[in-house]
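What follows is work_36.pdb (PDB, C-alpha atoms, pLDDT in the B column).
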```
ATOM      1  CA  GLU A  17     128.272 116.632  90.211  1.00 59.00           C
ATOM      2  CA  ALA A  18     126.942 113.081  90.397  1.00 58.00           C
ATOM      3  CA  ALA A  19     124.942 112.241  87.336  1.00 92.00           C
ATOM      4  CA  VAL A  20     123.499 109.649  85.002  1.00 96.00           C
ATOM      5  CA  THR A  21     124.364 110.205  81.350  1.00 97.00           C
ATOM      6  CA  GLN A  22     122.607 108.425  78.521  1.00 97.00           C
ATOM      7  CA  SER A  23     123.540 108.224  74.876  1.00 97.00           C
ATOM      8  CA  PRO A  24     122.361 108.692  72.265  1.00 97.00           C
ATOM      9  CA  ARG A  25     119.569 111.189  73.017  1.00 96.00           C
ATOM     10  CA  ASN A  26     117.684 110.128  69.904  1.00 97.00           C
ATOM     11  CA  LYS A  27     117.964 107.077  67.683  1.00 97.00           C
ATOM     12  CA  VAL A  28     116.174 105.904  64.570  1.00 97.00           C
ATOM     13  CA  THR A  29     116.629 102.353  63.344  1.00 97.00           C
ATOM     14  CA  VAL A  30     114.918  99.992  60.962  1.00 97.00           C
ATOM     15  CA  THR A  31     112.969  96.884  61.905  1.00 97.00           C
ATOM     16  CA  GLY A  32     115.427  94.061  62.495  1.00 97.00           C
ATOM     17  CA  GLY A  33     118.263  96.459  63.208  1.00 96.00           C
ATOM     18  CA  ASN A  34     120.753  96.303  66.035  1.00 96.00           C
ATOM     19  CA  VAL A  35     120.724  99.037  68.686  1.00 97.00           C
ATOM     20  CA  THR A  36     122.811  99.683  71.789  1.00 98.00           C
ATOM     21  CA  LEU A  37     121.793 102.270  74.368  1.00 98.00           C
ATOM     22  CA  SER A  38     124.484 103.421  76.778  1.00 98.00           C
ATOM     23  CA  CYS A  39     124.308 104.649  80.332  1.00 98.00           C
ATOM     24  CA  ARG A  40     127.062 105.884  82.619  1.00 98.00           C
ATOM     25  CA  GLN A  41     126.664 106.953  86.241  1.00 97.00           C
ATOM     26  CA  THR A  42     129.096 108.860  88.421  1.00 95.00           C
ATOM     27  CA  ASN A  43     127.080 108.444  91.627  1.00 89.00           C
ATOM     28  CA  SER A  44     129.071 105.432  92.875  1.00 91.00           C
ATOM     29  CA  HIS A  45     125.737 103.621  93.091  1.00 93.00           C
ATOM     30  CA  ASN A  46     125.578  99.848  93.078  1.00 93.00           C
ATOM     31  CA  TYR A  47     122.197  99.568  91.351  1.00 94.00           C
ATOM     32  CA  MET A  48     121.443 100.533  87.782  1.00 96.00           C
ATOM     33  CA  TYR A  49     118.175 100.163  85.890  1.00 96.00           C
ATOM     34  CA  TRP A  50     116.733 100.375  82.398  1.00 97.00           C
ATOM     35  CA  TYR A  51     113.112 101.513  82.008  1.00 97.00           C
ATOM     36  CA  ARG A  52     110.885 102.206  79.078  1.00 96.00           C
ATOM     37  CA  GLN A  53     108.136 104.785  79.227  1.00 95.00           C
ATOM     38  CA  ASP A  54     105.103 104.736  76.984  1.00 92.00           C
ATOM     39  CA  THR A  55     101.972 106.832  77.186  1.00 81.00           C
ATOM     40  CA  GLY A  56      99.567 105.308  79.688  1.00 68.00           C
ATOM     41  CA  HIS A  57     102.113 102.883  81.140  1.00 71.00           C
ATOM     42  CA  GLY A  58     104.334 104.936  83.398  1.00 85.00           C
ATOM     43  CA  LEU A  59     107.807 103.440  83.818  1.00 92.00           C
ATOM     44  CA  ARG A  60     108.270  99.746  83.134  1.00 93.00           C
ATOM     45  CA  LEU A  61     111.423  97.967  84.264  1.00 93.00           C
ATOM     46  CA  ILE A  62     113.309  96.083  81.564  1.00 96.00           C
ATOM     47  CA  HIS A  63     116.511  94.942  83.323  1.00 97.00           C
ATOM     48  CA  TYR A  64     118.538  95.968  86.319  1.00 95.00           C
ATOM     49  CA  SER A  65     121.865  95.198  87.950  1.00 96.00           C
ATOM     50  CA  TYR A  66     123.376  95.449  91.387  1.00 93.00           C
ATOM     51  CA  GLY A  67     126.987  95.420  90.315  1.00 94.00           C
ATOM     52  CA  ALA A  68     129.482  94.818  87.544  1.00 95.00           C
ATOM     53  CA  GLY A  69     128.769  91.510  85.827  1.00 95.00           C
ATOM     54  CA  ASN A  70     125.370  91.135  87.487  1.00 96.00           C
ATOM     55  CA  LEU A  71     122.070  91.186  85.606  1.00 96.00           C
ATOM     56  CA  GLN A  72     118.515  90.852  86.890  1.00 95.00           C
ATOM     57  CA  ILE A  73     115.406  90.478  84.773  1.00 95.00           C
ATOM     58  CA  GLY A  74     112.749  93.124  85.104  1.00 93.00           C
ATOM     59  CA  ASP A  75     109.064  93.122  84.217  1.00 91.00           C
ATOM     60  CA  VAL A  76     109.241  93.580  80.431  1.00 94.00           C
ATOM     61  CA  PRO A  77     112.514  91.884  79.345  1.00 96.00           C
ATOM     62  CA  ASP A  78     111.419  90.258  76.079  1.00 96.00           C
ATOM     63  CA  GLY A  79     113.475  91.444  73.120  1.00 97.00           C
ATOM     64  CA  TYR A  80     116.103  93.119  75.286  1.00 98.00           C
ATOM     65  CA  LYS A  81     119.511  92.165  76.572  1.00 97.00           C
ATOM     66  CA  ALA A  82     121.614  94.140  78.994  1.00 98.00           C
ATOM     67  CA  THR A  83     125.166  94.109  80.195  1.00 97.00           C
ATOM     68  CA  ARG A  84     126.869  95.810  83.152  1.00 98.00           C
ATOM     69  CA  THR A  85     130.529  96.062  82.266  1.00 97.00           C
ATOM     70  CA  THR A  86     131.691  98.206  85.196  1.00 97.00           C
ATOM     71  CA  GLN A  87     130.075  99.826  88.196  1.00 96.00           C
ATOM     72  CA  GLU A  88     129.620 102.940  86.059  1.00 97.00           C
ATOM     73  CA  ASP A  89     128.413 101.494  82.748  1.00 98.00           C
ATOM     74  CA  PHE A  90     125.171  99.713  81.878  1.00 98.00           C
ATOM     75  CA  PHE A  91     124.132  98.935  78.306  1.00 98.00           C
ATOM     76  CA  LEU A  92     120.798  97.957  76.799  1.00 98.00           C
ATOM     77  CA  LEU A  93     120.894  95.896  73.601  1.00 98.00           C
ATOM     78  CA  LEU A  94     118.138  95.413  71.066  1.00 97.00           C
ATOM     79  CA  GLU A  95     119.433  92.806  68.624  1.00 92.00           C
ATOM     80  CA  LEU A  96     116.380  92.594  66.355  1.00 95.00           C
ATOM     81  CA  ALA A  97     114.532  95.834  66.882  1.00 97.00           C
ATOM     82  CA  SER A  98     110.781  95.864  66.316  1.00 97.00           C
ATOM     83  CA  PRO A  99     108.334  98.786  66.006  1.00 97.00           C
ATOM     84  CA  SER A 100     106.844  97.781  69.396  1.00 96.00           C
ATOM     85  CA  GLN A 101     110.154  98.846  70.941  1.00 97.00           C
ATOM     86  CA  THR A 102     109.645 102.426  69.849  1.00 97.00           C
ATOM     87  CA  SER A 103     109.672 104.189  73.182  1.00 97.00           C
ATOM     88  CA  LEU A 104     111.394 106.578  75.562  1.00 97.00           C
ATOM     89  CA  TYR A 105     114.118 104.770  77.504  1.00 98.00           C
ATOM     90  CA  PHE A 106     115.440 105.882  80.864  1.00 97.00           C
ATOM     91  CA  CYS A 107     118.443 104.673  82.770  1.00 97.00           C
ATOM     92  CA  ALA A 108     118.621 105.206  86.530  1.00 96.00           C
ATOM     93  CA  SER A 109     120.962 104.476  89.396  1.00 95.00           C
ATOM     94  CA  SER A 110     120.439 104.086  93.119  1.00 92.00           C
ATOM     95  CA  ASP A 111     121.810 102.593  96.258  1.00 88.00           C
ATOM     96  CA  VAL A 112     119.951 100.598  98.889  1.00 80.00           C
ATOM     97  CA  GLY A 113     117.374 102.874 100.465  1.00 75.00           C
ATOM     98  CA  SER A 114     118.178 105.838  98.262  1.00 81.00           C
ATOM     99  CA  ASP A 115     115.980 107.445  95.669  1.00 85.00           C
ATOM    100  CA  TYR A 116     116.644 106.933  91.989  1.00 90.00           C
ATOM    101  CA  THR A 117     118.627 109.337  89.822  1.00 93.00           C
ATOM    102  CA  PHE A 118     117.476 109.257  86.226  1.00 95.00           C
ATOM    103  CA  GLY A 119     119.293 110.049  83.026  1.00 96.00           C
ATOM    104  CA  SER A 120     117.801 112.411  80.438  1.00 96.00           C
ATOM    105  CA  GLY A 121     116.373 109.596  78.358  1.00 96.00           C
ATOM    106  CA  THR A 122     116.824 108.168  74.862  1.00 97.00           C
ATOM    107  CA  ARG A 123     114.034 108.403  72.310  1.00 97.00           C
ATOM    108  CA  LEU A 124     114.094 105.347  70.070  1.00 97.00           C
ATOM    109  CA  LEU A 125     112.095 105.091  66.874  1.00 97.00           C
ATOM    110  CA  VAL A 126     111.965 101.766  65.045  1.00 97.00           C
ATOM    111  CA  ILE A 127     110.600 102.118  61.514  1.00 97.00           C
TER     112      ILE A 127
ATOM    113  CA  GLN B   7      99.740  92.836  87.728  1.00 60.00           C
ATOM    114  CA  GLN B   8     100.055  96.506  88.593  1.00 65.00           C
ATOM    115  CA  LYS B   9     101.486  96.781  92.096  1.00 87.00           C
ATOM    116  CA  VAL B  10     101.059 100.540  92.446  1.00 94.00           C
ATOM    117  CA  GLN B  11      97.748 102.171  91.573  1.00 95.00           C
ATOM    118  CA  GLN B  12      97.434 105.919  91.153  1.00 96.00           C
ATOM    119  CA  SER B  13      94.346 108.072  90.928  1.00 97.00           C
ATOM    120  CA  PRO B  14      93.098 110.097  89.288  1.00 97.00           C
ATOM    121  CA  GLU B  15      94.695 109.545  85.881  1.00 95.00           C
ATOM    122  CA  SER B  16      94.462 113.235  85.186  1.00 96.00           C
ATOM    123  CA  LEU B  17      93.588 116.296  87.187  1.00 97.00           C
ATOM    124  CA  ILE B  18      92.932 119.924  86.308  1.00 98.00           C
ATOM    125  CA  VAL B  19      93.101 122.542  89.051  1.00 98.00           C
ATOM    126  CA  PRO B  20      92.986 126.326  88.890  1.00 98.00           C
ATOM    127  CA  GLU B  21      96.063 128.355  89.725  1.00 98.00           C
ATOM    128  CA  GLY B  22      96.157 128.851  93.483  1.00 98.00           C
ATOM    129  CA  GLY B  23      94.040 125.761  94.101  1.00 98.00           C
ATOM    130  CA  MET B  24      94.761 122.512  95.925  1.00 98.00           C
ATOM    131  CA  ALA B  25      95.755 119.375  94.013  1.00 98.00           C
ATOM    132  CA  SER B  26      95.337 115.989  95.709  1.00 98.00           C
ATOM    133  CA  LEU B  27      96.869 112.855  94.231  1.00 98.00           C
ATOM    134  CA  ASN B  28      96.461 109.302  95.503  1.00 98.00           C
ATOM    135  CA  CYS B  29      98.531 106.136  95.420  1.00 97.00           C
ATOM    136  CA  THR B  30      97.998 102.644  96.834  1.00 96.00           C
ATOM    137  CA  SER B  31     100.204  99.578  96.770  1.00 94.00           C
ATOM    138  CA  SER B  32      98.726  96.103  96.379  1.00 91.00           C
ATOM    139  CA  ASP B  33     101.993  94.549  97.575  1.00 87.00           C
ATOM    140  CA  ARG B  34     102.069  94.208 101.352  1.00 86.00           C
ATOM    141  CA  ASN B  35     105.849  93.889 101.309  1.00 86.00           C
ATOM    142  CA  VAL B  36     106.497  97.524 100.455  1.00 88.00           C
ATOM    143  CA  ASP B  37     108.075  99.742 103.072  1.00 85.00           C
ATOM    144  CA  TYR B  38     108.959 103.037 101.373  1.00 90.00           C
ATOM    145  CA  PHE B  39     107.155 105.422  99.061  1.00 94.00           C
ATOM    146  CA  TRP B  40     108.404 108.138  96.779  1.00 95.00           C
ATOM    147  CA  TRP B  41     106.710 110.815  94.706  1.00 97.00           C
ATOM    148  CA  TYR B  42     108.469 111.829  91.500  1.00 96.00           C
ATOM    149  CA  ARG B  43     107.597 114.716  89.223  1.00 96.00           C
ATOM    150  CA  GLN B  44     108.212 114.580  85.496  1.00 95.00           C
ATOM    151  CA  HIS B  45     107.818 117.666  83.352  1.00 95.00           C
ATOM    152  CA  SER B  46     107.060 117.114  79.697  1.00 91.00           C
ATOM    153  CA  GLY B  47     110.139 115.933  77.799  1.00 88.00           C
ATOM    154  CA  LYS B  48     112.218 115.650  80.956  1.00 92.00           C
ATOM    155  CA  SER B  49     113.320 112.837  83.248  1.00 94.00           C
ATOM    156  CA  PRO B  50     111.558 112.081  86.557  1.00 94.00           C
ATOM    157  CA  LYS B  51     112.894 113.967  89.578  1.00 94.00           C
ATOM    158  CA  MET B  52     112.317 112.894  93.153  1.00 93.00           C
ATOM    159  CA  LEU B  53     109.919 115.239  94.912  1.00 96.00           C
ATOM    160  CA  MET B  54     109.312 113.671  98.317  1.00 95.00           C
ATOM    161  CA  SER B  55     109.698 110.367 100.095  1.00 93.00           C
ATOM    162  CA  ILE B  56     107.978 108.888 103.142  1.00 93.00           C
ATOM    163  CA  PHE B  57     108.271 105.662 105.110  1.00 90.00           C
ATOM    164  CA  SER B  58     106.666 106.518 108.463  1.00 89.00           C
ATOM    165  CA  ASN B  59     102.994 106.774 109.215  1.00 91.00           C
ATOM    166  CA  GLY B  60     101.747 110.307 109.211  1.00 94.00           C
ATOM    167  CA  GLU B  61     102.502 113.459 107.339  1.00 96.00           C
ATOM    168  CA  LYS B  62     105.532 115.217 105.916  1.00 95.00           C
ATOM    169  CA  GLU B  63     105.498 118.799 104.645  1.00 96.00           C
ATOM    170  CA  GLU B  64     107.979 120.619 102.440  1.00 96.00           C
ATOM    171  CA  GLY B  65     106.871 124.056 101.360  1.00 96.00           C
ATOM    172  CA  ARG B  66     103.661 123.783  99.341  1.00 97.00           C
ATOM    173  CA  PHE B  67     103.870 119.984  99.210  1.00 98.00           C
ATOM    174  CA  THR B  68     102.491 117.602 101.821  1.00 98.00           C
ATOM    175  CA  VAL B  69     102.676 113.824 101.744  1.00 98.00           C
ATOM    176  CA  HIS B  70     100.577 111.489 103.875  1.00 97.00           C
ATOM    177  CA  LEU B  71     101.167 107.802 104.475  1.00 96.00           C
ATOM    178  CA  ASN B  72      98.909 105.189 106.014  1.00 95.00           C
ATOM    179  CA  LYS B  73     101.024 102.040 106.322  1.00 92.00           C
ATOM    180  CA  ALA B  74      98.105  99.856 107.340  1.00 93.00           C
ATOM    181  CA  SER B  75      96.320 100.524 104.063  1.00 94.00           C
ATOM    182  CA  LEU B  76      99.541 101.138 102.072  1.00 93.00           C
ATOM    183  CA  HIS B  77      98.034 104.377 100.855  1.00 96.00           C
ATOM    184  CA  THR B  78      99.928 107.581 100.261  1.00 97.00           C
ATOM    185  CA  SER B  79      98.703 110.920  99.006  1.00 98.00           C
ATOM    186  CA  LEU B  80     100.385 114.059  97.741  1.00 98.00           C
ATOM    187  CA  HIS B  81      98.786 117.455  98.250  1.00 98.00           C
ATOM    188  CA  ILE B  82      99.950 120.589  96.512  1.00 98.00           C
ATOM    189  CA  ARG B  83      98.554 123.830  97.873  1.00 97.00           C
ATOM    190  CA  ASP B  84      98.617 127.140  96.023  1.00 98.00           C
ATOM    191  CA  SER B  85      99.199 125.220  92.782  1.00 98.00           C
ATOM    192  CA  GLN B  86     101.209 127.019  90.102  1.00 97.00           C
ATOM    193  CA  PRO B  87     101.282 126.494  86.319  1.00 97.00           C
ATOM    194  CA  SER B  88     104.872 125.283  86.771  1.00 97.00           C
ATOM    195  CA  ASP B  89     103.473 122.373  88.825  1.00 97.00           C
ATOM    196  CA  SER B  90     101.860 121.022  85.653  1.00 97.00           C
ATOM    197  CA  ALA B  91     103.568 117.654  85.152  1.00 96.00           C
ATOM    198  CA  LEU B  92     103.203 113.891  85.399  1.00 96.00           C
ATOM    199  CA  TYR B  93     103.385 112.785  89.041  1.00 97.00           C
ATOM    200  CA  LEU B  94     104.654 109.262  89.579  1.00 96.00           C
ATOM    201  CA  CYS B  95     104.259 107.314  92.789  1.00 96.00           C
ATOM    202  CA  ALA B  96     106.820 104.598  93.547  1.00 94.00           C
ATOM    203  CA  ALA B  97     106.894 101.924  96.246  1.00 92.00           C
ATOM    204  CA  ARG B  98     109.861  99.834  97.360  1.00 89.00           C
ATOM    205  CA  ARG B  99     109.716  96.168  98.183  1.00 82.00           C
ATOM    206  CA  ASN B 100     111.533  95.637 101.479  1.00 75.00           C
ATOM    207  CA  SER B 101     113.009  92.305 100.395  1.00 70.00           C
ATOM    208  CA  ASN B 102     115.214  93.849  97.717  1.00 71.00           C
ATOM    209  CA  ASN B 103     115.848  97.269  96.248  1.00 71.00           C
ATOM    210  CA  ARG B 104     113.158  97.018  93.569  1.00 78.00           C
ATOM    211  CA  ILE B 105     110.776  99.900  93.349  1.00 85.00           C
ATOM    212  CA  PHE B 106     107.553  99.810  91.385  1.00 89.00           C
ATOM    213  CA  PHE B 107     106.098 102.826  89.662  1.00 92.00           C
ATOM    214  CA  GLY B 108     102.467 103.634  89.122  1.00 94.00           C
ATOM    215  CA  ASP B 109     101.237 104.920  85.771  1.00 93.00           C
ATOM    216  CA  GLY B 110     101.109 108.471  87.071  1.00 95.00           C
ATOM    217  CA  THR B 111      98.675 111.342  87.458  1.00 96.00           C
ATOM    218  CA  GLN B 112      98.840 114.061  84.816  1.00 96.00           C
ATOM    219  CA  LEU B 113      98.329 117.379  86.595  1.00 97.00           C
ATOM    220  CA  VAL B 114      97.398 120.531  84.708  1.00 97.00           C
ATOM    221  CA  VAL B 115      97.270 123.831  86.583  1.00 98.00           C
ATOM    222  CA  LYS B 116      95.269 126.386  84.628  1.00 97.00           C
ATOM    223  CA  PRO B 117      96.181 130.076  84.986  1.00 93.00           C
TER     224      PRO B 117
END
```

Would you mind writing the structure in this file as structure tokens?
Amino acid sequence: EAAVTQSPRNKVTVTGGNVTLSCRQTNSHNYMYWYRQDTGHGLRLIHYSYGAGNLQIGDVPDGYKATRTTQEDFFLLLELASPSQTSLYFCASSDVGSDYTFGSGTRLLVI
Amino acid sequence: QQKVQQSPESLIVPEGGMASLNCTSSDRNVDYFWWYRQHSGKSPKMLMSIFSNGEKEEGRFTVHLNKASLHTSLHIRDSQPSDSALYLCAARRNSNNRIFFGDGTQLVVKP
């Protein structure tokens, strides 16, 4: 079954630490997205990509890098994590005109 | 600025009642709307989509769209406690595949 798989499910890191969130999709979708979700803010787009090697900046990119290594894999990198990046992170995939399929999310706590 | 506005922020309805949720886009370049439902601790799941003027019904759920005013609404009749969730409206910009999410309406259905 087509899916979006995120790892890890939960992560705790210290301020200034280095974190990589992983996302793999088996939907054969061209587009992949990273969102963060905080209470009162819905889903906010961090970065997205429309293919391997491509990266587009979203609405809240500061402090985040991303890399799309293959059509299936999209990574979100926090190189100097800060407490303000404590959040629930979702990865999603889609194709043009299709709805989004979301992963199960990664809860990140920066202490 | 927020491109998708949802109202109300929260809504309590009795079991068996009607829930009505609203969503408006401030971006005139949107051409497609989705409604997603997100149960607590879970990822968003697509509920319904609409791109034509008028109404679309699926079981207890009805979506309306007025393209002139870029307003969509979701109506849930015979609401059940299992409908309690965060409902997210999303609108797609027709110039690319970006979709923008509203902050959501938190629905509580009281038994």

>> I'd like the residues picked by the PyMOL selection byres ((chain B and resi 65) around 12) written out as number ranges by chain, using the chain letters and numbers from the file.
In response: B: 53-54, 62-64, 66-69, 81-85

> How many Å lie between CA of Val35 (chain A) and CA of Ile127 (chain A), rounded to one decimal?
Replying inline: 12.8 Å

>> Assuming the chain letters and numbering stay as they are in my file, what does the PyMOL selection byres ((chain A and resi 102-116) around 9) actually select? List them as a PyMOL selection string.
In response: (chain A and resi 19-22+37-41+43-54+59+66+90+97-101+117-127) or (chain B and resi 38+40+49+51-52+55+98+102-103)

Can you write out the residues you just picked, keeping C-alpha atoms, as a compact mmCIF listing (two decimals), keeping the file's coordinate frame?
```txt
# COMPACT_ATOMS: atom_id res chain seq x y z
CA ALA A 19 124.94 112.24 87.34
CA VAL A 20 123.50 109.65 85.00
CA THR A 21 124.36 110.20 81.35
CA GLN A 22 122.61 108.42 78.52
CA LEU A 37 121.79 102.27 74.37
CA SER A 38 124.48 103.42 76.78
CA CYS A 39 124.31 104.65 80.33
CA ARG A 40 127.06 105.88 82.62
CA GLN A 41 126.66 106.95 86.24
CA ASN A 43 127.08 108.44 91.63
CA SER A 44 129.07 105.43 92.88
CA HIS A 45 125.74 103.62 93.09
CA ASN A 46 125.58 99.85 93.08
CA TYR A 47 122.20 99.57 91.35
CA MET A 48 121.44 100.53 87.78
CA TYR A 49 118.18 100.16 85.89
CA TRP A 50 116.73 100.38 82.40
CA TYR A 51 113.11 101.51 82.01
CA ARG A 52 110.88 102.21 79.08
CA GLN A 53 108.14 104.78 79.23
CA ASP A 54 105.10 104.74 76.98
CA LEU A 59 107.81 103.44 83.82
CA TYR A 66 123.38 95.45 91.39
CA PHE A 90 125.17 99.71 81.88
CA ALA A 97 114.53 95.83 66.88
CA SER A 98 110.78 95.86 66.32
CA PRO A 99 108.33 98.79 66.01
CA SER A 100 106.84 97.78 69.40
CA GLN A 101 110.15 98.85 70.94
CA THR A 117 118.63 109.34 89.82
CA PHE A 118 117.48 109.26 86.23
CA GLY A 119 119.29 110.05 83.03
CA SER A 120 117.80 112.41 80.44
CA GLY A 121 116.37 109.60 78.36
CA THR A 122 116.82 108.17 74.86
CA ARG A 123 114.03 108.40 72.31
CA LEU A 124 114.09 105.35 70.07
CA LEU A 125 112.10 105.09 66.87
CA VAL A 126 111.96 101.77 65.04
CA ILE A 127 110.60 102.12 61.51
CA TYR B 38 108.96 103.04 101.37
CA TRP B 40 108.40 108.14 96.78
CA SER B 49 113.32 112.84 83.25
CA LYS B 51 112.89 113.97 89.58
CA MET B 52 112.32 112.89 93.15
CA SER B 55 109.70 110.37 100.10
CA ARG B 98 109.86 99.83 97.36
CA ASN B 102 115.21 93.85 97.72
CA ASN B 103 115.85 97.27 96.25
```

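For the pair CA of Tyr64 (chain A) and CA of Thr86 (chain A), the separation is 13.4 Å.
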
> Could you write out as number ranges by chain the residues that the PyMOL selection byres ((chain B) within 7 of (chain A)) matches in the shown file?
Replying inline: B: 48-50, 103, 107-110

>> List as a PyMOL selection string the protein and nucleic acid residues near Ala97 (chain B), meaning an atom at most 12 Å away when all atoms listed in the file are counted, but skip any in the same chain fewer than 6 places from it.
In response: (chain A and resi 113+115-116) or (chain B and resi 8-12+29-42+55-57+71+73+76-78+103-108)

>> To one decimal place in Å, what is the distance between CA of Asn59 (chain B) and CA of Asn72 (chain B)?
In response: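 Between these atoms lies a distance of 5.4 Å.
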
> Using all atoms listed in the file, which of A:Lys81, A:Glu95, A:Asn26, A:Glu88 sits nearest Ala68 (chain A)?
Replying inline: A:Glu88

> If you count all atoms listed in the file, which residues fall within 10 Å of Ser88 (chain B), apart from same-chain ones fewer than 5 positions away, as a list in words?
Replying inline: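 Once the nearby chain positions are removed, what remains is Glu21, His45, Val114, Val115 and Lys116 of chain B.
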